[in-house]
Amino acid sequence: MDWDFTENIAFKSLNEAFKESDETSAIEFLSSDGASYYLELLQDAAGEGIDLSDNEIMDELQEEIIEYLEDN
């Protein structure tokens, strides 16, 4: 993927909210308290030209986001 989502303001907010939460699972966080941040991040990705209708690209982006949140 050519887009560095870690520099995106929505991702930075998502990452900060995840760190401040008591949640240890990024997947659980994204499906609850982090949903609005995640949606904003996806909207920004689409605005950057990422084709989110492509399941492979969407899965790759989601995996990268989850891995980053849980590993950093």
# chains A, B, ... in the order shown; residues from 1 in each chain; ligands from 1
>>> select_by_dssp(residues="chain A", states="helix (DSSP H, G or I)", output="NGL selection string")
:A and (5-7 or 9-20 or 26-30 or 35-47 or 55-71)
>>> write_last_selection(atoms="C-alpha atoms", output="PDB file, in the first residue's frame")
ATOM      1  CA  PHE A   5      -1.809   5.965   7.305  1.00  0.00           C
ATOM      2  CA  THR A   6       0.328   6.511  10.423  1.00  0.00           C
ATOM      3  CA  GLU A   7       0.782  10.164   9.405  1.00  0.00           C
ATOM      4  CA  ILE A   9      -4.611  12.846  11.784  1.00  0.00           C
ATOM      5  CA  ALA A  10      -7.562  10.448  12.090  1.00  0.00           C
ATOM      6  CA  PHE A  11      -5.162   7.560  12.671  1.00  0.00           C
ATOM      7  CA  LYS A  12      -3.203   9.551  15.231  1.00  0.00           C
ATOM      8  CA  SER A  13      -6.451  10.225  17.094  1.00  0.00           C
ATOM      9  CA  LEU A  14      -7.438   6.557  16.803  1.00  0.00           C
ATOM     10  CA  ASN A  15      -4.052   5.432  18.101  1.00  0.00           C
ATOM     11  CA  GLU A  16      -4.186   7.862  21.036  1.00  0.00           C
ATOM     12  CA  ALA A  17      -7.720   6.790  21.965  1.00  0.00           C
ATOM     13  CA  PHE A  18      -6.685   3.128  21.830  1.00  0.00           C
ATOM     14  CA  LYS A  19      -3.705   3.791  24.107  1.00  0.00           C
ATOM     15  CA  GLU A  20      -5.922   5.628  26.584  1.00  0.00           C
ATOM     16  CA  ALA A  26      -7.564  -3.512  18.567  1.00  0.00           C
ATOM     17  CA  ILE A  27     -10.365  -5.400  16.818  1.00  0.00           C
ATOM     18  CA  GLU A  28     -12.658  -4.984  19.819  1.00  0.00           C
ATOM     19  CA  PHE A  29     -11.727  -1.315  20.105  1.00  0.00           C
ATOM     20  CA  LEU A  30     -12.382  -0.663  16.406  1.00  0.00           C
ATOM     21  CA  ALA A  35     -15.476   3.000  15.312  1.00  0.00           C
ATOM     22  CA  SER A  36     -15.862   6.709  14.583  1.00  0.00           C
ATOM     23  CA  TYR A  37     -12.076   7.195  14.332  1.00  0.00           C
ATOM     24  CA  TYR A  38     -11.827   4.145  12.076  1.00  0.00           C
ATOM     25  CA  LEU A  39     -14.602   5.402   9.804  1.00  0.00           C
ATOM     26  CA  GLU A  40     -12.904   8.781   9.488  1.00  0.00           C
ATOM     27  CA  LEU A  41      -9.628   7.036   8.657  1.00  0.00           C
ATOM     28  CA  LEU A  42     -11.343   4.975   5.954  1.00  0.00           C
ATOM     29  CA  GLN A  43     -12.890   8.128   4.496  1.00  0.00           C
ATOM     30  CA  ASP A  44      -9.439   9.716   4.393  1.00  0.00           C
ATOM     31  CA  ALA A  45      -8.041   6.597   2.709  1.00  0.00           C
ATOM     32  CA  ALA A  46     -10.712   6.812   0.023  1.00  0.00           C
ATOM     33  CA  GLY A  47      -9.862  10.492  -0.402  1.00  0.00           C
ATOM     34  CA  ASN A  55     -11.490  -6.634  -0.631  1.00  0.00           C
ATOM     35  CA  GLU A  56      -7.766  -7.402  -0.762  1.00  0.00           C
ATOM     36  CA  ILE A  57      -6.814  -3.761  -0.299  1.00  0.00           C
ATOM     37  CA  MET A  58      -9.387  -3.303   2.463  1.00  0.00           C
ATOM     38  CA  ASP A  59      -8.165  -6.406   4.287  1.00  0.00           C
ATOM     39  CA  GLU A  60      -4.546  -5.314   3.953  1.00  0.00           C
ATOM     40  CA  LEU A  61      -5.287  -1.852   5.325  1.00  0.00           C
ATOM     41  CA  GLN A  62      -7.304  -3.265   8.214  1.00  0.00           C
ATOM     42  CA  GLU A  63      -4.568  -5.767   9.095  1.00  0.00           C
ATOM     43  CA  GLU A  64      -1.908  -3.047   9.027  1.00  0.00           C
ATOM     44  CA  ILE A  65      -3.976  -0.791  11.270  1.00  0.00           C
ATOM     45  CA  ILE A  66      -4.663  -3.572  13.789  1.00  0.00           C
ATOM     46  CA  GLU A  67      -1.024  -4.687  13.839  1.00  0.00           C
ATOM     47  CA  TYR A  68       0.185  -1.126  14.338  1.00  0.00           C
ATOM     48  CA  LEU A  69      -2.231  -0.459  17.178  1.00  0.00           C
ATOM     49  CA  GLU A  70      -1.362  -3.664  19.010  1.00  0.00           C
ATOM     50  CA  ASP A  71       2.394  -3.474  18.456  1.00  0.00           C
TER      51      ASP A  71
END
>>> atom_distance(atom1="atom CA of Ser53 of chain A", atom2="atom CA of Gly34 of chain A")
21.3 Å
